[in-house]
Each structure stands twice: as structure tokens, then as C-alpha cells.
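Colleague: Attaching a single structure in C-alpha cells format; questions to follow.
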Amino acid sequence: MEEMEEELKCPVCGSFYREPIILPCSHNLCQACARNILVQTPESESPQSRRASGSGVSDYDYLDLDKMSLYSEADSGYGSYGGFASAPTTPCQKSPNGVRVFPPAMPPPPTHLSPALAPVPRNSCITCPQCHRSLILDDRGLRGFPKNRVLEGVIDRYQQSKAAALKCQLCEKVPKEATVMCEQCDVFYCDPCRLRCHPPRGPLAKHRLVPPAQGRVSRRLSPRKVSTCTDHELENHSMYCVQCKMPVCYQCLEEGKHSSHEVKALGAMWKLHKSQLSQALNGLSDRAKEAKEFLVQLRNMVQQIQENSVEFEACLVAQCDALIDALNRRKAQLLARVNKEHEHKLKVVRDQISHCTVKLRQTTGLMEYCLEVIKENDPSGFLQISDALIRRVHLTEDQWGKGTLTPRMTTDFDLSLDNSPLLQSIHQLDFVQVKASSPVPATPILQLEECCTHNNSATLSWKQPPLSTVPAEGYILELDDGSGGQFREVYVGKETMCTVDGLHFNSTYNARVKAFNKTGVSPYSKTLVLQTSEGCNFETQSAPYSQLVDIKKLLAVAWFAFDPGSAHSDIIFSNDNLTVTCSSYDDRVVLGKTGFSKGVHYWELTIDRYDNHPDPAFGVARMDVMKDVMLGKDDKAWAITEGGITKGATIGVLLDLNRKTLTFFINDEQQGPIAFENVEGLFFPAVSLNRNVQVTLHTGLPVPDFYSSRASIA
């Protein structure tokens with residue numbers, strides 16, 4: 001019932017209603033508080049003058065709102081009547097419950113009568129503190145307002161239900177505990193308020209003061225006051241006027257005030273209005289129940305918001321930490337590349353220093369020898385060796401030319417880190433708003449007639465469906481590892497055709513593609529099966545696997561030539577890049593165009609020219625092998641050097657990546673046991689030669705029979 005307490009308190013004094021009266025606007029006021037907020041009006045605004053002029057419509061006339069400064073727009077407080085010069089304005093005050101009210105225009109004259117019986121100033125006006133409606137009182141004054149006996153009864157029951165000690169009803173701030181109650185005044189007093197407001201002298205000396213508990217009992221046992229007519233104080237209400245919506249007495253009906261109105265019995269209307277109020281309360285109760293459930297929902301939302309906030313913050317921190325970790329890992333990778341480039345440059349420069357040092361020592365020795373020979377006085381002996389010495393001097397001089405004295409490596413690092421896209425992405429990093437999005441692109445269609453393989457490369461082509469209306473911003477092509485493993489992205493872009501190099505020979509790859517736009521990605525296309533070998537074999541994934549090409553029955557042979565793009569500039573190509581020689585006396589390296597990382601591969605090289613006993617080298621190498629020194633001088637190449645070969649000889653190279661071995665043949669005879677073991681990774685056929693050698697490459701050859709039979713036995 002504590003929630004009802006605000007309904008039981010006067011908006012002026014902030015205490016429980018004492019002798020409440022009902023204003024025409026249906027709001028309530030204590031009778032004493034109503035007297036305190038009365039304001040006098042000019043004579044021309046009196047009800048009598050209004051009725052005389054024919055403008056009065058009721059006993060209680062509301063003032064024109066434009067003549068009343070009812071409230072201030074700045075603070076919503078009530079103002080005093082200021083429409084005429086004869087009515088001076090008075091400052092408004094604030095009641096204990098925060099409502100601004102009118103103070104009396106002048107202190108009330110001392111009287112010993114009750115507030116209801118005390119005369120009120122003539123032509124008084126009262127303004128409701130709650131709805132701001134103002135009205136002018138007639139000659140009856142406050143006695144013209146009906147008393148709210150029901151409200152008094154509710155207040156009595158409410159106060160009786162509270163177990164707390166009775167409080168003083170006249171304390172201005174914090175009410176103190178009451179010590180006495182006056183039966184005649186029906187007011188509880190504390191000691192200070194009793195001495196100040198109820199002195200034991202004069203007419204008040206005859207009042208009977210009792211303890212608060214006894215006063216509560218006497219209140220409870222006292223007979224309920226019967227509501228009487230405001231016009232005829234000796235008559236009780238017996239009927240109810242439906243048009244006026246107010247109880248009336250028998251004498252009111254006799255006087256003819258409600259002669260043309262519908263009048264019903266008070267008891268019947270009492271039951272009817274109780275029923276209507278109960279029905280209205282049922283609807284309000286449902287709304288109150290819904291409000292309680294809504295409050296529970298809101299409180300649950302508060303808890304859920306807090307939990308979601310913690311979860312979202314943790315997710316955000318985790319995502320940012322993941323970005324930082326990825327950046328740190330990438331930083332380590334980039335630093336490793338820088339260190340690798342650093343070591344590579346140092347190695348190249350140191351090798352050139354060593355090479356030049358050896359050649360300079362040889363040159364200096366030849367010069368000193370020639371000077372000593374010049375000093376000889378034997379003409380015939382000098383002429384015997386002079387031609388050879390002259391040729392050696394010229395040959396040595398030629399060896400110092402053509403870039404020999406040019407550094408093979410620059411001091412600058414040819415690496416440039418472009419971090420602007422990443423910085424831009426970081427600056428644009430933001431939360432994605434959930435909005436109604438457009439549809440994703442349609443599934444791309446692989447164009448089988450344009451898809452093919454060549455050696456260890458695969459070309460795939462795709463397109464959007466003809467009736468597709470959603471544009472694609474790009475495509476993602478995925479291939480597996482050739483062994484049925486997981487798919488990985490090999491291309492992301494706007495093109496609809498892509499060639500993938502560096503695949504394994506004799507392997508079956510699965511390919512698929514999907515489209516994407518800002519909304520999302522499309523489903524994957526049908527999976528395409530590609531066979532790397534001499535020919536091109538593909539079927540859609542929907543075909544039975546038994547219908548696919550049996551890769552064990554295929555001969556994994558590779559057709560390739562020398563690669564001009566990666567060779568040294570001194571290498572000379574001919575015969576569709578199958579024949580090479582060199583323009584320099586120094587050894588230069590040239591690689592094959594195809595790299596191998598899986599399977600067994602065999603190729604041959606024939607010696608077309610072999611002058612002055614050079615030292616060519618044959619074997620395999622990494623892509624980043626040094627191109628200006630003999631093959632095998634660094635750790636990026638594996639080769640054989642045979643000085644006993646002659647013009648027309650055939651050198652065979654057998655790379656078995658299944659067994660991780662490298663074997664050499666000369667004129668179909670194996671040169672010793674396996675030359676190299678534990679050969680693993682990506683390798684390219686390689687040759688190093690100078691101007692005295694010319695070789696021709698032969699590819700697409702099967703593995704020698706004796707090696708195949710020996711491998712099958714093993």
C-alpha cells in the first residue's frame with residue numbers, strides 16, 4: 001500500500017489530506033490549504049457582476065486564462081493573479097511536495113472558527129495546483145465544495161495499517177513522533193508543535209488531549225461522518241443527478257434545480273459506479289501487469305546488455321590481438337627475408353672478391369714471369385716461348401674484360417615495403433552495421449572447353465551464368481595439393497581466366513571457383529579434375545571416380561626448353577631455346593623452363609661443340625642459383641663435371657624425387673653410384689658452360705629401362 005501514499009497527500013502541504021474538499025476539476029485539497037491559496041479578484045470579475053450581465057453560466061466561474069499568469073514558462077511555477085492593477089501580484093511559493101502555490105494576499109484575520117466556517121475574503125479566486133484551472137468563489141466560499149468523505153476513510157484505514165509510530169501532523173520538515181492528540185481538533189501534535197499551535201489557554205484549554213494510541217483507537221471507533229448537501233447542510237444526500245454527475249438531497253429536488261435532469265437512487269448509482277470502476281480497474285490491472293512484465297524484460301535487457309558488452313569487448317580485444325599477432329608474424333617473415341638478402345649479397349661479393357683475388361694472383365704471376373722472360377738474353381730460347389706467352393697475355397687480358405671488374409651485386413637492397421594499403425585498412429577499420437543487404441552473386445560456371453593442362457601448368461576459365469543479374473566484384477580460384485588434401489586459394493581478382501604454374505607432374509588436382517561482392521560470396525562451382533601430364537584430361541566431379549584417368553598408366557614425361565628469362569646475359573640461345581652456348585670465357589649458368597618437385601624425370605644433353613678442354617657442368621639447381629660461376633660452386637646446385645667428355649657425347653640426368661636421388665649417365669652408362677641423396681624441394685634442370693662449349697637439350701624422354709626395373713625391384 002506504500003505505492004498509494006502519494007494519492008493520499010495534499011499537493012499543497014504534502015501531508016495526508018485533512019478534511020479534503022473536491023474542486024470542480026475533481027482534484028482534492030485540504031480545506032485549510034484551500035483557504036491558504038485564495039486570491040482576491042477585482043469587483044468586476046465577481047460572480048454577481050457576471051450573473052447581472054448575463055454572462056454567468058454557473059456558480060463557479062473560471063477566469064479567462066489569458067488574464068491569468070497561471071505559470072511561468074521558465075520554471076512552470078504558478079503566478080498570482082495579475083490581470084488588473086487593483087490586484088497586485090504576489091510571489092509564488094513551493095509546497096513540500098514540489099508544487100508551486102499561491103500565498104494568501106494578506107494574512108488571515110485571527111479567528112477561533114474552523115477553516116470551513118471562517119469567512120473568506122470577498123470575490124476570492126482559487127487555482128487548482130494540479131490542473132491550473134482557476135475559479136471564483138461565490139458567497140458560500142469554501143463551504144460550496146463537497147467534502148471527500150471516501151478519501152478520509154481511505155486515509156484512516158491506511159494510517160491504521162501502518163505499524164510505525166504516529167507522526168506529528170504540523171512539523172514543517174521531518175515530522176517528529178506525536179506525543180498527544182486533540183480529540184476536538186483531530187490532530188496529532190509533537191511537544192514543540194503543541195506548545196506553538198495548541199497552547200493550553202483560551203478556548204483551546206477546554207480541548208481534550210489524549211495519547212496518540214488512544215487517539216487512533218477513538219478515530220477508529222468514531223462513527224463515520226455522513227456526507228451532507230453543500231447547499232442544505234442539514235440534509236443528507238439521497239439521490240444522484242446523472243446530468244450534473246453529483247449527489248443531491250431531497251430539498252434540492254424540491255427547489256427544482258434538477259427538475260429537467262435524470263435523477264436516480266443514490267444506492268443504485270453507487271453500485272453502478274462501483275461496478276464501472278471495477279471494470280475499469282480490470283483493464284488497468286491488465287496494463288499494470290503488462291507494465292510489470294515489461295519492467296522485468298527491461299531489467300533482463302540491462303543484464304543482457306552488460307553481458308553482451310563484456311562478450312563483445314572480449315571479442316574485439318581478441319580480434320585486435322589477432323591482427324597484432326599476424327602483423328608480428330609478418331614482421332618476422334619480412335625480417336627473415338631482409339636477413340636472407342643480406343647474407344646473399346655478402347656471399348656474392350665475397351665470392352667475387354675471392355674469384356678476383358685468385359685471378360689477380362694468376363695475372364700478377366704471369367706478369368712477373370713475362371718480365372723475367374724478357375730479361376733473358378737467349379734469342380732462340382725466347383722465341384720458342386714468346387708466341388705462347390703473348391697468347392696467354394692476350395687471353396688473360398680478355399678475361400679481365402666484359403664486366404669482370406664490375407660488381408656483381410649492388411649495395412642497395414632492392415626491397416621496398418608498401419605499407420600504405422595496410423595503414424589505410426587500419427584507418428578504415430570499423431564496425432559493420434547490420435543492414436538489409438543485396439543478394440550475393442550467382443555461382444560461376446567453369447568453361448570446360450577452355451580448361452586444359454600443359455606439363456605442370458593448368459589453365460582454367462569460367463563465366464557468370466547468362467541470366468545472372470547480380471554483378472560480381474571478383475572471383476576466388478581454389479586448388480587442392482594434388483593429393484586430395486585441403487583446398488587453397490591460388491587466385492583472387494576480376495579476371496575470368498587463370499594459369500597456375502609449378503604444379504606436380506603426374507598428379508590429379510581438383511579445382512573450383514566462387515564469386516564475391518560486398519554482400520558475400522557465392523556457392524562454389526562444380527569441381528573440375530585436372531591431370532598434369534603430356535596431355536589434358538578432365539572430367540566433372542559428378543562423374544564416377546572410376547571413369548577418371550588412371551594416372552599410374554600414364555608416362556609422366558615433361559617437355560621443356562631452356563629459359564632465357566632467368567639465364568645469364570652471356571648465354572646465347574638457338575633452336576627454339578633447346579641449344580645454348582656462351583659468349584664469355586667464364587662459366588655461365590642457364591636453367592630449364594620447368595621445375596620439378598615430385599615424380600621421376602629424365603632428360604639428356606648432347607655436346608655439339610667442345611674446344612680447348614673446357615669444364616661444363618650438368619645437373620639441377622634452385623631458381624636463385626648464382627648464374628656467373630660454375631654450377632655447384634654454391635649451395636643452390638647439384639651437378640657433375642666431367643673433363644673426359646668429347647664432342648658428340650650424351651649426358652643423361654635422372655632426377656628421382658620419389659627416392660630423393662640424383663643420378664648421371666654418359667653415353668647410356670651410369671657414372672658411379674647415386675651422385676646425390678636427400679634431394680628434396682623444387683629443382684630446375686641446369687647447365688654451366690663457356691664459349692668453348694655448345695649443348696642441345698632433349699626432353700620428353702622415358703626413364704631408362706634398367707633404372708625402372710631396378711626401382712621396381714627395390
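Ordering of the C-alpha cells sets the chain letters (A, B, ...); residue numbers start at 1 within each chain; ligands are numbered from 1 in the order shown.
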I need the residues in region 276-450 of chain A that are alpha helix (DSSP H) according to DSSP; give them as a PyMOL selection string.
Modeller: chain A and resi 276-374+379-399+420-427
Colleague: What's around Cys25 (chain A) at 9 Å? Count only C-alpha atoms, leave out sequence neighbours fewer than 2 positions away in its own chain, and write the answer as a PyMOL selection string.
Modeller: chain A and resi 22-23+27-28+128+131+133
Colleague: Keeping N, CA, C and O atoms for every residue in the selection just given, could you write it to a file as a short mmCIF file (atom, residue, chain, number, x, y, z; two decimals), in the first residue's frame?
Modeller:
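The result, stored in selection_33.cif:
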data_model
loop_
_atom_site.label_atom_id
_atom_site.label_comp_id
_atom_site.auth_asym_id
_atom_site.auth_seq_id
_atom_site.Cartn_x
_atom_site.Cartn_y
_atom_site.Cartn_z
N ILE A 22 -13.55 18.61 -2.61
CA ILE A 22 -13.43 18.25 -4.02
C ILE A 22 -13.68 19.49 -4.86
O ILE A 22 -14.74 20.12 -4.78
N LEU A 23 -12.68 19.87 -5.65
CA LEU A 23 -12.83 21.01 -6.55
C LEU A 23 -13.64 20.58 -7.77
O LEU A 23 -13.76 19.38 -8.07
N HIS A 27 -10.08 17.38 -8.52
CA HIS A 27 -8.92 17.24 -7.66
C HIS A 27 -9.30 17.61 -6.23
O HIS A 27 -10.31 18.27 -5.99
N ASN A 28 -8.46 17.21 -5.28
CA ASN A 28 -8.73 17.39 -3.85
C ASN A 28 -7.74 18.36 -3.23
O ASN A 28 -6.58 18.47 -3.68
N CYS A 128 -6.46 25.49 -8.94
CA CYS A 128 -6.07 24.11 -8.62
C CYS A 128 -4.58 23.94 -8.84
O CYS A 128 -4.06 24.24 -9.93
N CYS A 131 -4.14 20.99 -11.99
CA CYS A 131 -4.52 21.21 -13.39
C CYS A 131 -4.52 22.68 -13.78
O CYS A 131 -4.81 23.01 -14.94
N ARG A 133 -6.48 25.08 -13.28
CA ARG A 133 -7.76 25.74 -13.57
C ARG A 133 -8.14 26.65 -12.40
O ARG A 133 -8.06 26.26 -11.23
#
Colleague: Which residue gives the smallest distance to Asp587 (chain A) among A:Glu7, A:Asp615, A:Asp608, A:Asp186, with only C-alpha atoms counted?
Modeller: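 Distance minimum relative to Asp587 (chain A) lands on A:Asp615.
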Colleague: Using CA of Leu429 (chain A) and CA of Lys331 (chain A) as the two end points, give the distance in Å to one decimal.
Modeller: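 Spanning CA of Leu429 (chain A) to CA of Lys331 (chain A) is a straight-line distance of 20.3 Å.
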Colleague: Given only C-alpha atoms as the basis, pick out the residue of A:Leu422, A:Val695, A:Leu701, A:Ala34 nearest to Leu327 (chain A).
Modeller: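 That would be A:Leu422, the residue with the smallest distance to Leu327 (chain A).
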Colleague: Write out as a list in words the residues lying within 12 Å of Leu415 (chain A), counting only C-alpha atoms and excluding same-chain residues fewer than 4 positions away.
Modeller: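 Result of the neighbour search: Leu334, Leu335, Arg337, Val338, Asn339, Lys340, Glu341, His342 and Thr411 of chain A.
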Colleague: The selected residues should be written to file as an mmCIF file, in the first residue's frame (atoms: C-alpha atoms).
Modeller:
data_model
loop_
_atom_site.group_PDB
_atom_site.id
_atom_site.type_symbol
_atom_site.label_atom_id
_atom_site.label_comp_id
_atom_site.auth_asym_id
_atom_site.auth_seq_id
_atom_site.Cartn_x
_atom_site.Cartn_y
_atom_site.Cartn_z
ATOM 1 C CA LEU A 334 59.977 -9.815 -43.651
ATOM 2 C CA LEU A 335 62.984 -9.504 -41.368
ATOM 3 C CA ARG A 337 63.826 -12.066 -45.999
ATOM 4 C CA VAL A 338 65.948 -8.999 -45.320
ATOM 5 C CA ASN A 339 68.498 -11.119 -43.481
ATOM 6 C CA LYS A 340 68.472 -13.625 -46.335
ATOM 7 C CA GLU A 341 69.049 -10.855 -48.860
ATOM 8 C CA HIS A 342 71.810 -9.523 -46.639
ATOM 9 C CA THR A 411 74.921 -2.338 -52.112
#
Colleague: Near Ile651 (chain A), within 12 Å and counting only C-alpha atoms, which residues show up once chain neighbours fewer than 3 positions away are dropped, as a ChimeraX atom specification?
Modeller: /A:602-608,616-619,639-642,644-648,654,663-671,687,695-698
Colleague: Nearest residue to Tyr491 (chain A) out of A:Val248, A:Met301, A:Leu460, A:Leu204, using only C-alpha atoms?
Modeller: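 Of A:Val248, A:Met301, A:Leu460, A:Leu204, the one nearest Tyr491 (chain A) is A:Leu460, counting only C-alpha atoms.
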Colleague: Would you kindly return, as number ranges by chain, each protein, DNA or RNA residue with an atom no farther than 12 Å from any atom of region 266-276 of chain A, considering only C-alpha atoms and excluding same-chain residues fewer than 4 positions away?
Modeller: A: 236-242, 245-250, 262, 280-283
Colleague: How far is it from CA of Val393 (chain A) to CA of Arg361 (chain A), in Å with one decimal?
Modeller: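 Computed distance, CA of Val393 (chain A) to CA of Arg361 (chain A), equals 13.9 Å.
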Colleague: I want to know what sits within 8 Å of region 497-499 of chain A, based on only C-alpha atoms, with residues of the same chain fewer than 3 positions away left out; could you give that as number ranges by chain?
Modeller: A: 457-462, 491
Colleague: Could you turn the residues from that selection into a file that holds all heavy atoms, as a compact mmCIF listing (two decimals), in the first residue's frame?
Modeller:
# COMPACT_ATOMS: atom_id res chain seq x y z
N SER A 457 51.49 -27.17 -65.69
CA SER A 457 50.69 -25.95 -65.61
C SER A 457 49.25 -26.28 -65.95
O SER A 457 48.97 -27.21 -66.72
CB SER A 457 51.22 -24.87 -66.58
OG SER A 457 52.55 -24.52 -66.25
N ALA A 458 48.32 -25.50 -65.38
CA ALA A 458 46.90 -25.70 -65.62
C ALA A 458 46.25 -24.36 -65.90
O ALA A 458 46.52 -23.37 -65.20
CB ALA A 458 46.22 -26.36 -64.43
N THR A 459 45.42 -24.31 -66.93
CA THR A 459 44.69 -23.10 -67.29
C THR A 459 43.20 -23.35 -67.08
O THR A 459 42.66 -24.34 -67.59
CB THR A 459 44.96 -22.71 -68.74
OG1 THR A 459 46.36 -22.44 -68.90
CG2 THR A 459 44.17 -21.45 -69.11
N LEU A 460 42.55 -22.46 -66.35
CA LEU A 460 41.13 -22.60 -66.07
C LEU A 460 40.40 -21.33 -66.49
O LEU A 460 40.94 -20.22 -66.36
CB LEU A 460 40.88 -22.87 -64.58
CG LEU A 460 41.44 -24.19 -64.06
CD1 LEU A 460 42.70 -23.93 -63.25
CD2 LEU A 460 40.42 -24.92 -63.19
N SER A 461 39.18 -21.52 -66.99
CA SER A 461 38.36 -20.40 -67.44
C SER A 461 36.94 -20.60 -66.91
O SER A 461 36.46 -21.72 -66.80
CB SER A 461 38.35 -20.33 -68.97
OG SER A 461 37.50 -19.28 -69.41
N TRP A 462 36.28 -19.49 -66.58
CA TRP A 462 34.93 -19.54 -66.03
C TRP A 462 34.16 -18.30 -66.47
O TRP A 462 34.74 -17.35 -67.02
CB TRP A 462 34.95 -19.66 -64.51
CG TRP A 462 35.68 -18.52 -63.86
CD1 TRP A 462 35.17 -17.33 -63.47
CD2 TRP A 462 37.08 -18.46 -63.55
NE1 TRP A 462 36.14 -16.53 -62.93
CE2 TRP A 462 37.33 -17.21 -62.96
CE3 TRP A 462 38.14 -19.35 -63.70
CZ2 TRP A 462 38.59 -16.82 -62.54
CZ3 TRP A 462 39.40 -18.97 -63.27
CH2 TRP A 462 39.61 -17.71 -62.69
N TYR A 491 44.19 -17.80 -56.70
CA TYR A 491 43.95 -16.57 -57.45
C TYR A 491 42.74 -15.85 -56.85
O TYR A 491 41.72 -16.48 -56.55
CB TYR A 491 43.69 -16.86 -58.93
CG TYR A 491 43.22 -15.65 -59.70
CD1 TYR A 491 44.12 -14.65 -60.08
CD2 TYR A 491 41.88 -15.47 -60.04
CE1 TYR A 491 43.70 -13.52 -60.76
CE2 TYR A 491 41.44 -14.35 -60.73
CZ TYR A 491 42.35 -13.37 -61.08
OH TYR A 491 41.94 -12.25 -61.74
Colleague: Work out how far CA of Leu479 (chain A) is from CA of Ile445 (chain A), in Å to one decimal.
Modeller: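 Value for the CA of Ile445 (chain A)-CA of Leu479 (chain A) distance: 15.9 Å.
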Colleague: Just the residues within 12 Å of region 369-377 of chain A, please, counting only C-alpha atoms, with nothing from its chain fewer than 2 positions along; format it as a PyMOL selection string.
Modeller: chain A and resi 362-367+379-393
Colleague: Tell me which of A:Arg157, A:His344, A:Lys289, A:His198 sits closest to Leu8 (chain A), counting only C-alpha atoms.
Modeller: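 That would be A:Arg157, the residue with the smallest distance to Leu8 (chain A).
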